[in-house]
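Engineer: So I've got this file, query_25.cif, and it contains mmCIF, C-alpha atoms:
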```cif
data_protein
loop_
_atom_site.group_PDB
_atom_site.id
_atom_site.type_symbol
_atom_site.label_atom_id
_atom_site.label_comp_id
_atom_site.auth_asym_id
_atom_site.auth_seq_id
_atom_site.Cartn_x
_atom_site.Cartn_y
_atom_site.Cartn_z
ATOM 1 C CA MET A 586 0.000 0.000 0.000
ATOM 2 C CA LEU A 587 1.249 3.456 -0.896
ATOM 3 C CA SER A 588 -0.794 6.595 -0.399
ATOM 4 C CA VAL A 589 -0.297 10.334 -0.128
ATOM 5 C CA THR A 590 -2.361 12.597 2.143
ATOM 6 C CA PHE A 591 -2.257 16.344 1.602
ATOM 7 C CA LEU A 592 -2.097 18.130 4.944
ATOM 8 C CA GLY A 593 -1.645 21.626 3.556
ATOM 9 C CA THR A 594 -2.088 22.887 0.008
ATOM 10 C CA SER A 595 -1.930 26.686 0.273
ATOM 11 C CA ALA A 596 0.943 28.850 -0.902
ATOM 12 C CA ALA A 597 2.660 31.309 1.438
ATOM 13 C CA ARG A 598 -0.099 31.641 4.037
ATOM 14 C CA PRO A 599 -2.960 29.586 5.440
ATOM 15 C CA THR A 600 -6.555 30.292 4.504
ATOM 16 C CA VAL A 601 -9.828 29.130 6.006
ATOM 17 C CA GLU A 602 -9.937 26.251 3.518
ATOM 18 C CA ARG A 603 -6.255 25.387 3.176
ATOM 19 C CA ASN A 604 -3.279 25.130 5.495
ATOM 20 C CA VAL A 605 0.301 25.750 4.370
ATOM 21 C CA SER A 606 2.570 23.053 2.966
ATOM 22 C CA GLY A 607 2.595 19.525 4.324
ATOM 23 C CA VAL A 608 2.343 16.120 2.646
ATOM 24 C CA ALA A 609 2.325 12.717 4.344
ATOM 25 C CA LEU A 610 3.357 9.654 2.350
ATOM 26 C CA VAL A 611 2.422 6.302 3.859
ATOM 27 C CA ARG A 612 4.055 3.169 2.480
ATOM 28 C CA GLU A 613 3.655 -0.291 3.985
ATOM 29 C CA GLY A 614 2.806 1.263 7.346
ATOM 30 C CA GLU A 615 5.739 3.714 7.345
ATOM 31 C CA THR A 616 4.970 7.450 7.327
ATOM 32 C CA LEU A 617 7.248 10.039 5.697
ATOM 33 C CA LEU A 618 6.479 13.751 6.022
ATOM 34 C CA PHE A 619 7.400 16.225 3.301
ATOM 35 C CA GLU A 620 7.408 19.847 4.509
ATOM 36 C CA CYS A 621 6.006 20.893 7.872
ATOM 37 C CA GLY A 622 4.323 24.273 7.612
ATOM 38 C CA GLU A 623 2.735 25.927 10.630
ATOM 39 C CA GLY A 624 -0.185 23.911 11.995
ATOM 40 C CA THR A 625 0.908 20.647 10.386
ATOM 41 C CA GLN A 626 0.553 18.693 13.630
ATOM 42 C CA ARG A 627 -3.107 19.686 13.891
ATOM 43 C CA GLN A 628 -3.677 18.692 10.285
ATOM 44 C CA MET A 629 -2.152 15.301 11.041
ATOM 45 C CA MET A 630 -4.620 14.797 13.876
ATOM 46 C CA ARG A 631 -7.498 16.052 11.782
ATOM 47 C CA TYR A 632 -6.803 13.720 8.862
ATOM 48 C CA GLY A 633 -5.663 10.651 10.754
ATOM 49 C CA VAL A 634 -1.945 10.730 9.959
ATOM 50 C CA SER A 635 0.102 8.894 12.576
ATOM 51 C CA PHE A 636 2.591 10.700 14.798
ATOM 52 C CA ALA A 637 4.675 7.516 14.651
ATOM 53 C CA LEU A 638 6.931 8.928 11.949
ATOM 54 C CA SER A 639 10.702 9.162 12.017
ATOM 55 C CA GLU A 640 11.610 11.372 9.050
ATOM 56 C CA ILE A 641 10.727 14.816 7.726
ATOM 57 C CA PHE A 642 12.001 16.084 4.369
ATOM 58 C CA PHE A 643 12.254 19.803 3.619
ATOM 59 C CA THR A 644 12.661 21.218 0.114
ATOM 60 C CA HIS A 645 13.702 24.706 1.244
ATOM 61 C CA PHE A 646 13.348 26.981 4.240
ATOM 62 C CA HIS A 647 10.706 29.566 3.520
ATOM 63 C CA ALA A 648 8.601 29.879 6.657
ATOM 64 C CA ASP A 649 5.462 28.293 5.210
ATOM 65 C CA HIS A 650 7.379 25.066 4.663
ATOM 66 C CA PHE A 651 9.102 24.447 7.991
ATOM 67 C CA LEU A 652 7.715 26.483 10.922
ATOM 68 C CA GLY A 653 5.405 23.660 11.990
ATOM 69 C CA VAL A 654 8.335 21.465 12.974
ATOM 70 C CA ILE A 655 8.697 23.460 16.211
ATOM 71 C CA GLY A 656 5.232 22.558 17.460
ATOM 72 C CA LEU A 657 5.370 19.012 16.140
ATOM 73 C CA VAL A 658 8.629 18.194 17.908
ATOM 74 C CA ARG A 659 7.350 19.783 21.117
ATOM 75 C CA THR A 660 4.175 17.700 20.974
ATOM 76 C CA LEU A 661 6.121 14.514 20.341
ATOM 77 C CA GLY A 662 8.282 15.310 23.361
ATOM 78 C CA LEU A 663 5.221 15.830 25.549
ATOM 79 C CA GLN A 664 4.013 12.417 24.402
ATOM 80 C CA ALA A 665 7.190 10.884 25.872
ATOM 81 C CA ARG A 666 8.607 9.908 22.517
ATOM 82 C CA GLU A 667 11.978 8.176 22.742
ATOM 83 C CA GLU A 668 12.652 7.152 19.133
ATOM 84 C CA PRO A 669 15.059 9.344 17.128
ATOM 85 C CA MET A 670 13.764 11.788 14.523
ATOM 86 C CA ARG A 671 15.649 12.528 11.298
ATOM 87 C CA LEU A 672 15.284 15.801 9.414
ATOM 88 C CA TYR A 673 16.561 16.333 5.862
ATOM 89 C CA GLY A 674 16.963 19.550 3.928
ATOM 90 C CA PRO A 675 19.269 21.475 1.590
ATOM 91 C CA LYS A 676 22.328 23.489 2.582
ATOM 92 C CA GLY A 677 21.745 25.473 5.752
ATOM 93 C CA ALA A 678 19.370 22.897 7.220
ATOM 94 C CA LYS A 679 21.531 22.095 10.219
ATOM 95 C CA LYS A 680 21.955 25.649 11.456
ATOM 96 C CA LEU A 681 18.388 26.737 10.775
ATOM 97 C CA LEU A 682 16.598 23.677 12.136
ATOM 98 C CA GLU A 683 18.779 23.533 15.233
ATOM 99 C CA SER A 684 17.873 27.157 15.923
ATOM 100 C CA ALA A 685 14.175 26.541 15.260
ATOM 101 C CA LEU A 686 14.023 23.623 17.662
ATOM 102 C CA LYS A 687 15.337 25.820 20.462
ATOM 103 C CA LEU A 688 12.353 28.157 20.085
ATOM 104 C CA GLY A 689 9.644 27.260 22.571
ATOM 105 C CA VAL A 690 11.092 23.824 23.264
ATOM 106 C CA GLU A 691 12.826 23.686 26.635
ATOM 107 C CA ARG A 692 14.398 20.304 25.941
ATOM 108 C CA VAL A 693 13.870 17.764 23.205
ATOM 109 C CA PRO A 694 13.796 14.411 25.051
ATOM 110 C CA PHE A 695 14.698 12.369 21.988
ATOM 111 C CA GLU A 696 17.514 12.542 19.464
ATOM 112 C CA VAL A 697 16.981 14.780 16.438
ATOM 113 C CA ALA A 698 19.499 14.142 13.660
ATOM 114 C CA ILE A 699 19.735 16.699 10.863
ATOM 115 C CA ARG A 700 21.233 15.825 7.490
ATOM 116 C CA GLU A 701 21.949 18.315 4.737
ATOM 117 C CA VAL A 702 21.317 16.945 1.246
ATOM 118 C CA LYS A 703 22.151 18.069 -2.259
ATOM 119 C CA PRO A 704 21.028 17.128 -5.771
ATOM 120 C CA GLY A 705 22.260 13.667 -6.697
ATOM 121 C CA ASP A 706 22.154 12.325 -3.151
ATOM 122 C CA VAL A 707 20.421 9.002 -2.593
ATOM 123 C CA ILE A 708 18.841 8.538 0.811
ATOM 124 C CA GLY A 709 18.883 4.807 1.309
ATOM 125 C CA SER A 710 20.736 2.394 3.528
ATOM 126 C CA ASP A 711 23.148 5.181 4.496
ATOM 127 C CA SER A 712 20.538 7.085 6.495
ATOM 128 C CA GLY A 713 22.376 6.500 9.745
ATOM 129 C CA SER A 714 22.876 4.062 12.555
ATOM 130 C CA ASN A 715 19.435 4.737 13.966
ATOM 131 C CA HIS A 716 17.612 3.785 10.794
ATOM 132 C CA ALA A 717 17.161 0.307 9.432
ATOM 133 C CA PRO A 718 18.427 -0.020 5.846
ATOM 134 C CA ARG A 719 15.817 0.647 3.188
ATOM 135 C CA THR A 720 15.684 -2.657 1.369
ATOM 136 C CA THR A 721 12.751 -2.009 -0.954
ATOM 137 C CA TYR A 722 12.973 1.692 -1.834
ATOM 138 C CA HIS A 723 15.162 4.774 -1.637
ATOM 139 C CA LEU A 724 14.793 8.531 -2.031
ATOM 140 C CA GLU A 725 16.574 10.548 -4.680
ATOM 141 C CA VAL A 726 17.321 14.245 -4.205
ATOM 142 C CA PHE A 727 17.078 16.479 -7.273
ATOM 143 C CA ALA A 728 17.561 20.161 -8.007
ATOM 144 C CA THR A 729 14.663 22.582 -8.319
ATOM 145 C CA GLU A 730 14.581 26.247 -9.297
ATOM 146 C CA HIS A 731 13.350 28.278 -6.350
ATOM 147 C CA GLY A 732 16.581 29.766 -5.074
ATOM 148 C CA GLY A 733 18.613 29.004 -1.979
ATOM 149 C CA GLY A 734 19.613 25.550 -3.153
ATOM 150 C CA SER A 735 16.043 24.223 -3.117
ATOM 151 C CA VAL A 736 15.557 20.524 -3.817
ATOM 152 C CA GLY A 737 12.846 17.983 -4.521
ATOM 153 C CA TYR A 738 12.510 14.332 -3.537
ATOM 154 C CA ALA A 739 11.650 11.216 -5.532
ATOM 155 C CA LEU A 740 10.659 8.026 -3.736
ATOM 156 C CA ARG A 741 11.635 5.140 -5.978
ATOM 157 C CA GLU A 742 10.724 1.572 -5.124
ATOM 158 C CA HIS A 743 13.129 -1.185 -6.112
ATOM 159 C CA GLU A 744 12.200 -3.808 -8.680
ATOM 160 C CA ARG A 745 9.806 -6.495 -7.537
ATOM 161 C CA ARG A 746 10.040 -10.188 -8.250
ATOM 162 C CA GLY A 747 8.445 -11.451 -11.405
ATOM 163 C CA ARG A 748 5.056 -13.147 -11.294
ATOM 164 C CA PHE A 749 5.072 -16.805 -10.313
ATOM 165 C CA ASP A 750 3.062 -18.887 -12.799
ATOM 166 C CA VAL A 751 1.223 -21.472 -10.708
ATOM 167 C CA GLU A 752 -0.117 -23.383 -13.704
ATOM 168 C CA LYS A 753 3.334 -23.798 -15.237
ATOM 169 C CA ALA A 754 4.762 -24.927 -11.905
ATOM 170 C CA GLN A 755 2.029 -27.534 -11.565
ATOM 171 C CA ALA A 756 2.464 -28.681 -15.152
ATOM 172 C CA ALA A 757 6.179 -29.158 -14.501
ATOM 173 C CA GLY A 758 5.341 -31.425 -11.578
ATOM 174 C CA ILE A 759 6.884 -29.157 -8.948
ATOM 175 C CA PRO A 760 5.291 -29.909 -5.578
ATOM 176 C CA GLU A 761 3.709 -26.926 -3.884
ATOM 177 C CA GLY A 762 5.580 -25.652 -0.842
ATOM 178 C CA PRO A 763 9.146 -24.513 -0.155
ATOM 179 C CA LEU A 764 10.277 -25.245 -3.720
ATOM 180 C CA TRP A 765 7.767 -22.740 -5.058
ATOM 181 C CA GLY A 766 9.143 -20.156 -2.661
ATOM 182 C CA LYS A 767 12.716 -20.771 -3.802
ATOM 183 C CA LEU A 768 11.756 -20.544 -7.455
ATOM 184 C CA SER A 769 9.895 -17.273 -6.857
ATOM 185 C CA LYS A 770 13.134 -15.886 -5.370
ATOM 186 C CA GLY A 771 15.018 -16.798 -8.538
ATOM 187 C CA GLU A 772 16.680 -19.925 -7.218
ATOM 188 C CA THR A 773 17.143 -23.178 -9.157
ATOM 189 C CA VAL A 774 15.675 -26.163 -7.302
ATOM 190 C CA GLY A 775 16.144 -29.913 -7.281
ATOM 191 C CA LEU A 776 13.036 -32.124 -7.404
ATOM 192 C CA PRO A 777 12.499 -35.443 -5.580
ATOM 193 C CA ASP A 778 12.652 -37.290 -8.923
ATOM 194 C CA GLY A 779 16.154 -35.987 -9.586
ATOM 195 C CA ARG A 780 15.262 -33.244 -12.047
ATOM 196 C CA THR A 781 16.636 -29.716 -11.756
ATOM 197 C CA VAL A 782 14.312 -26.801 -12.536
ATOM 198 C CA SER A 783 15.323 -23.172 -13.012
ATOM 199 C CA PRO A 784 12.953 -20.232 -12.562
ATOM 200 C CA GLU A 785 13.060 -19.343 -16.274
ATOM 201 C CA GLY A 786 9.667 -19.924 -17.816
ATOM 202 C CA ILE A 787 7.968 -20.228 -14.430
ATOM 203 C CA VAL A 788 8.826 -16.846 -12.968
ATOM 204 C CA GLY A 789 8.301 -13.784 -15.134
ATOM 205 C CA PRO A 790 10.716 -10.862 -15.535
ATOM 206 C CA PRO A 791 11.242 -8.399 -12.652
ATOM 207 C CA ARG A 792 8.509 -5.794 -12.358
ATOM 208 C CA PRO A 793 9.150 -2.098 -11.731
ATOM 209 C CA GLY A 794 8.272 -0.499 -8.423
ATOM 210 C CA ARG A 795 6.418 2.774 -8.049
ATOM 211 C CA LEU A 796 7.805 6.292 -8.320
ATOM 212 C CA VAL A 797 6.371 9.272 -6.439
ATOM 213 C CA VAL A 798 7.934 12.693 -7.030
ATOM 214 C CA PHE A 799 7.500 15.757 -4.815
ATOM 215 C CA THR A 800 8.856 19.014 -6.216
ATOM 216 C CA GLY A 801 8.251 21.574 -3.500
ATOM 217 C CA ASP A 802 8.335 25.140 -4.831
ATOM 218 C CA THR A 803 9.946 25.479 -8.242
ATOM 219 C CA ARG A 804 9.913 26.868 -11.707
ATOM 220 C CA PRO A 805 9.359 24.232 -14.398
ATOM 221 C CA CYS A 806 12.818 22.879 -15.179
ATOM 222 C CA ALA A 807 14.692 20.038 -16.835
ATOM 223 C CA ALA A 808 15.868 18.617 -13.502
ATOM 224 C CA VAL A 809 12.274 17.975 -12.447
ATOM 225 C CA VAL A 810 11.426 16.431 -15.825
ATOM 226 C CA ASP A 811 14.382 14.084 -15.480
ATOM 227 C CA ALA A 812 13.536 13.109 -11.907
ATOM 228 C CA ALA A 813 9.881 12.478 -12.773
ATOM 229 C CA GLN A 814 10.410 10.270 -15.835
ATOM 230 C CA GLY A 815 7.610 7.688 -15.792
ATOM 231 C CA ALA A 816 6.405 8.788 -12.358
ATOM 232 C CA ASP A 817 3.278 7.074 -11.086
ATOM 233 C CA LEU A 818 2.480 10.299 -9.225
ATOM 234 C CA LEU A 819 4.003 13.738 -9.729
ATOM 235 C CA ILE A 820 3.161 16.297 -7.041
ATOM 236 C CA HIS A 821 4.045 19.659 -8.554
ATOM 237 C CA GLU A 822 3.413 23.143 -7.266
ATOM 238 C CA ALA A 823 1.011 25.367 -9.204
ATOM 239 C CA THR A 824 0.904 28.640 -7.339
ATOM 240 C CA PHE A 825 -0.610 30.669 -10.168
ATOM 241 C CA GLY A 826 -2.828 30.547 -13.235
ATOM 242 C CA GLU A 827 -1.682 31.613 -16.687
ATOM 243 C CA GLU A 828 -2.853 35.191 -16.226
ATOM 244 C CA GLU A 829 -0.094 35.564 -13.611
ATOM 245 C CA LYS A 830 2.634 33.673 -15.449
ATOM 246 C CA ASP A 831 4.954 36.697 -15.277
ATOM 247 C CA ARG A 832 4.560 36.819 -11.501
ATOM 248 C CA ALA A 833 5.216 33.095 -11.330
ATOM 249 C CA LYS A 834 8.485 33.587 -13.164
ATOM 250 C CA GLU A 835 9.499 36.519 -10.952
ATOM 251 C CA THR A 836 8.842 34.623 -7.726
ATOM 252 C CA GLY A 837 10.291 31.240 -8.696
ATOM 253 C CA HIS A 838 6.948 29.457 -8.982
ATOM 254 C CA SER A 839 4.965 27.636 -11.681
ATOM 255 C CA THR A 840 1.582 28.027 -13.280
ATOM 256 C CA ALA A 841 -0.789 25.087 -13.542
ATOM 257 C CA ARG A 842 -0.168 24.898 -17.278
ATOM 258 C CA GLU A 843 3.603 24.872 -16.782
ATOM 259 C CA ALA A 844 3.307 22.064 -14.238
ATOM 260 C CA ALA A 845 1.216 20.089 -16.724
ATOM 261 C CA GLN A 846 3.879 20.590 -19.379
ATOM 262 C CA VAL A 847 6.430 19.097 -16.974
ATOM 263 C CA ALA A 848 4.171 16.077 -16.388
ATOM 264 C CA LEU A 849 3.714 15.627 -20.126
ATOM 265 C CA ALA A 850 7.437 15.853 -20.830
ATOM 266 C CA ALA A 851 8.157 13.370 -18.034
ATOM 267 C CA LYS A 852 5.506 10.935 -19.287
ATOM 268 C CA ALA A 853 4.076 10.807 -15.773
ATOM 269 C CA ARG A 854 0.924 8.800 -15.186
ATOM 270 C CA ARG A 855 -0.759 11.231 -12.841
ATOM 271 C CA LEU A 856 -0.292 14.851 -11.788
ATOM 272 C CA VAL A 857 -1.567 16.455 -8.591
ATOM 273 C CA LEU A 858 -1.117 20.196 -8.213
ATOM 274 C CA SER A 859 -0.579 21.820 -4.826
ATOM 275 C CA HIS A 860 0.763 25.023 -3.214
ATOM 276 C CA VAL A 861 -1.984 27.143 -4.767
ATOM 277 C CA SER A 862 -2.392 30.862 -4.266
ATOM 278 C CA ALA A 863 -4.991 32.086 -1.763
ATOM 279 C CA ARG A 864 -7.085 33.381 -4.650
ATOM 280 C CA TYR A 865 -7.839 29.734 -5.537
ATOM 281 C CA SER A 866 -8.494 28.683 -1.961
ATOM 282 C CA ILE A 867 -12.215 28.017 -2.406
ATOM 283 C CA SER A 868 -12.220 26.941 -6.038
ATOM 284 C CA ALA A 869 -9.255 25.867 -8.133
ATOM 285 C CA GLU A 870 -11.285 24.917 -11.209
ATOM 286 C CA GLU A 871 -9.449 27.510 -13.267
ATOM 287 C CA LEU A 872 -6.152 25.759 -12.511
ATOM 288 C CA VAL A 873 -7.636 22.337 -13.265
ATOM 289 C CA LYS A 874 -8.879 23.481 -16.661
ATOM 290 C CA GLU A 875 -5.591 25.117 -17.648
ATOM 291 C CA ALA A 876 -3.611 22.030 -16.670
ATOM 292 C CA ARG A 877 -5.941 19.461 -18.248
ATOM 293 C CA ASP A 878 -5.709 21.242 -21.575
ATOM 294 C CA VAL A 879 -2.113 19.988 -21.565
ATOM 295 C CA PHE A 880 -2.185 16.887 -19.342
ATOM 296 C CA LYS A 881 -5.509 15.156 -18.828
ATOM 297 C CA GLU A 882 -4.700 13.140 -15.696
ATOM 298 C CA THR A 883 -4.517 16.199 -13.457
ATOM 299 C CA ALA A 884 -6.163 17.105 -10.176
ATOM 300 C CA VAL A 885 -5.691 19.946 -7.714
ATOM 301 C CA ALA A 886 -5.127 18.815 -4.150
ATOM 302 C CA LYS A 887 -7.354 19.842 -1.270
ATOM 303 C CA ASP A 888 -6.488 19.588 2.403
ATOM 304 C CA GLY A 889 -7.317 16.097 3.622
ATOM 305 C CA MET A 890 -7.299 14.555 0.148
ATOM 306 C CA THR A 891 -5.689 11.112 -0.007
ATOM 307 C CA VAL A 892 -4.346 9.706 -3.270
ATOM 308 C CA GLU A 893 -3.672 5.972 -3.585
ATOM 309 C CA VAL A 894 -0.745 4.987 -5.801
ATOM 310 C CA PRO A 895 -1.352 1.505 -7.252
ATOM 311 C CA PHE A 896 1.129 -0.650 -9.112
ATOM 312 C CA ASN A 897 0.908 -0.088 -12.843
ATOM 313 C CA ASP A 898 0.659 -3.836 -13.533
#
```
Once you've parsed the file, please lay out its structure as structure tokens.

Structural biologist:
Amino acid sequence: MLSVTFLGTSAARPTVERNVSGVALVREGETLLFECGEGTQRQMMRYGVSFALSEIFFTHFHADHFLGVIGLVRTLGLQAREEPMRLYGPKGAKKLLESALKLGVERVPFEVAIREVKPGDVIGSDSGSNHAPRTTYHLEVFATEHGGGSVGYALREHERRGRFDVEKAQAAGIPEGPLWGKLSKGETVGLPDGRTVSPEGIVGPPRPGRLVVFTGDTRPCAAVVDAAQGADLLIHEATFGEEEKDRAKETGHSTAREAAQVALAAKARRLVLSHVSARYSISAEELVKEARDVFKETAVAKDGMTVEVPFND
């Protein structure tokens, strides 16, 4: 199971309908938080996102993307949390986040490890001694264009085993049980009658995992297109509509149409737009229409919206 819940979808400031940036990704029971704008902890309670998370990923350090970490860490401390927390962000993360966590938090009763990342980094089994190796997925860090060394994150699952063909195994006279398990793992097995059987012809080719890409704030750029190639879900900011495309360019943001062009160029399967201007707080239909003219499989996120990401096969 892999799903994404949008905790905050507003750009720059909260509105009555939308909180500022926060996205929770839940995979096989593990929760990863991307951005932590002010009020994120309340949004997590409101939309049923577990506090049993160990990692928060920041794309950059504008206030609407990280201020909520102060309250969240304080709350976790009051709940007698003991497990370590890991925070990731671009250059400057260590100094800024260490300073933030001293504001209003007398003492953090659990370890908080801060890691600065840069484009090209792979967050996998090297996450640190307090994190079990990621054996089935990793996160790739890529460059975005929003100034200050901003980055995005791509969660890429590793290849899965090929499909095990039960009928072919039965036809080959392979007894059901441990031998089937070994074959499904790619091992050659010996049968009671003396025959040797390899997995070829019984187990199909490896199948690709899923790819979820989170851009944070950015102009449309080649680095995002490259990172999102074939993405099952691309979460791209769309702060403005086309009528404000000049403002988008000036402020390092994207229009809905520009985000759709990125999704099209990346051959993504699905696009969800977020980080929308307050003017679209109640209705973002204008953004939907502009984007769908370019890329049909587009939606605009709302606070509390959950998107399931199925396997393509």

Engineer: Show which residues sit within 8 Å of Gly733 in chain A, as a list in words. Count all atoms listed in the file, and ignore same-chain residues fewer than 2 positions away.

Structural biologist: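 Non-adjacent residues within range: His645, His731 and Ser735 of chain A.
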
Engineer: With distances taken over all atoms listed in the file, which residue among A:Arg745, A:Arg700, A:Arg598, A:Arg854 lies nearest Asp649 in chain A?

Structural biologist: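 The closest residue to Asp649 in chain A is A:Arg598.
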
Engineer: Between A:Gly815, A:Gly766, A:Gly607, A:Gly705, single out the one closest to Lys852 in chain A, counting only C-alpha atoms.

Structural biologist: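 Ranked by minimum distance to Lys852 in chain A, first place goes to A:Gly815.
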
Engineer: Given only C-alpha atoms as the basis, pick out the residue of A:Leu776, A:Ile867, A:Val658, A:Ala739 nearest to Phe619 in chain A.

Structural biologist: A:Ala739

Engineer: Using only C-alpha atoms, which residues sit within 7 Å of range 835-848 of chain A once same-chain residues fewer than 5 positions away are excluded, as a ChimeraX atom specification?

Structural biologist: /A:730-731,802-805,810,821-827,830,853,856,872,875-876,879-880

Engineer: Tell me which of A:Met586, A:Ile787, A:Ala698, A:Leu592 sits closest to Asp750 in chain A, counting all atoms listed in the file.

Structural biologist: A:Ile787

Engineer: Which polymer residues have any atom within 12 Å of an atom of Ala754 in chain A, counting all atoms listed in the file, with same-chain residues fewer than 4 positions away left out, as a PDB file with C-alpha atoms, keeping the file's coordinate frame?

Structural biologist:
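And here's selection_37.pdb as it stands now:
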```pdb
ATOM      1  CA  ARG A 748       5.056 -13.147 -11.294  1.00  0.00           C
ATOM      2  CA  PHE A 749       5.072 -16.805 -10.313  1.00  0.00           C
ATOM      3  CA  ASP A 750       3.062 -18.887 -12.799  1.00  0.00           C
ATOM      4  CA  GLY A 758       5.341 -31.425 -11.578  1.00  0.00           C
ATOM      5  CA  ILE A 759       6.884 -29.157  -8.948  1.00  0.00           C
ATOM      6  CA  PRO A 760       5.291 -29.909  -5.578  1.00  0.00           C
ATOM      7  CA  GLU A 761       3.709 -26.926  -3.884  1.00  0.00           C
ATOM      8  CA  GLY A 762       5.580 -25.652  -0.842  1.00  0.00           C
ATOM      9  CA  LEU A 764      10.277 -25.245  -3.720  1.00  0.00           C
ATOM     10  CA  TRP A 765       7.767 -22.740  -5.058  1.00  0.00           C
ATOM     11  CA  GLY A 766       9.143 -20.156  -2.661  1.00  0.00           C
ATOM     12  CA  LEU A 768      11.756 -20.544  -7.455  1.00  0.00           C
ATOM     13  CA  SER A 769       9.895 -17.273  -6.857  1.00  0.00           C
ATOM     14  CA  VAL A 774      15.675 -26.163  -7.302  1.00  0.00           C
ATOM     15  CA  LEU A 776      13.036 -32.124  -7.404  1.00  0.00           C
ATOM     16  CA  VAL A 782      14.312 -26.801 -12.536  1.00  0.00           C
ATOM     17  CA  SER A 783      15.323 -23.172 -13.012  1.00  0.00           C
ATOM     18  CA  PRO A 784      12.953 -20.232 -12.562  1.00  0.00           C
ATOM     19  CA  GLU A 785      13.060 -19.343 -16.274  1.00  0.00           C
ATOM     20  CA  GLY A 786       9.667 -19.924 -17.816  1.00  0.00           C
ATOM     21  CA  ILE A 787       7.968 -20.228 -14.430  1.00  0.00           C
ATOM     22  CA  VAL A 788       8.826 -16.846 -12.968  1.00  0.00           C
TER      23      VAL A 788
END
```

Engineer: When you count all atoms listed in the file, which of these residues is closest to Gly794 in chain A: A:Arg627, A:Lys881, A:His650, A:His743?

Structural biologist: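 Among A:Arg627, A:Lys881, A:His650, A:His743, it is A:His743 that comes nearest to Gly794 in chain A.
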
Engineer: Using all atoms listed in the file for the distances, tell me which of A:Tyr632, A:Lys887, A:Gly653, A:Lys753 is nearest to Tyr865 in chain A.

Structural biologist: A:Lys887

Engineer: Need the shell around Leu617 in chain A: protein/DNA/RNA residues with any atom at most 8 Å away, counting all atoms listed in the file. Skip same-chain ones fewer than 2 positions apart. Format as a list in words?

Structural biologist: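 So the residues in contact are Ala609, Leu610, Val611, Glu615, Phe619, Leu638, Ser639, Glu640, Ile641 and Phe642 of chain A.
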
Engineer: May I ask for the distance between CA of Gly677 in chain A and CA of Phe591 in chain A, given in Å to one decimal place?

Structural biologist: 26.0 Å

Engineer: Skipping near chain neighbours, those fewer than 6 positions away, what residues fall within 9 Å of Ile655 in chain A using all atoms listed in the file, listed as a ChimeraX atom specification?

Structural biologist: /A:623,682,685-690

Engineer: Could you list, as a short mmCIF file (atom, residue, chain, number, x, y, z; two decimals) with C-alpha atoms, in the frame of the given file, every residue matched by the PyMOL selection byres ((chain A and resi 667) around 10) in this structure?

Structural biologist:
```
data_model
loop_
_atom_site.label_atom_id
_atom_site.label_comp_id
_atom_site.auth_asym_id
_atom_site.auth_seq_id
_atom_site.Cartn_x
_atom_site.Cartn_y
_atom_site.Cartn_z
CA LEU A 661 6.12 14.51 20.34
CA GLY A 662 8.28 15.31 23.36
CA GLN A 664 4.01 12.42 24.40
CA ALA A 665 7.19 10.88 25.87
CA ARG A 666 8.61 9.91 22.52
CA GLU A 668 12.65 7.15 19.13
CA PRO A 669 15.06 9.34 17.13
CA MET A 670 13.76 11.79 14.52
CA VAL A 693 13.87 17.76 23.20
CA PRO A 694 13.80 14.41 25.05
CA PHE A 695 14.70 12.37 21.99
CA GLU A 696 17.51 12.54 19.46
#
```

Engineer: Distance CA of Glu744 in chain A-CA of Lys770 in chain A, one decimal place?

Structural biologist: 12.6 Å
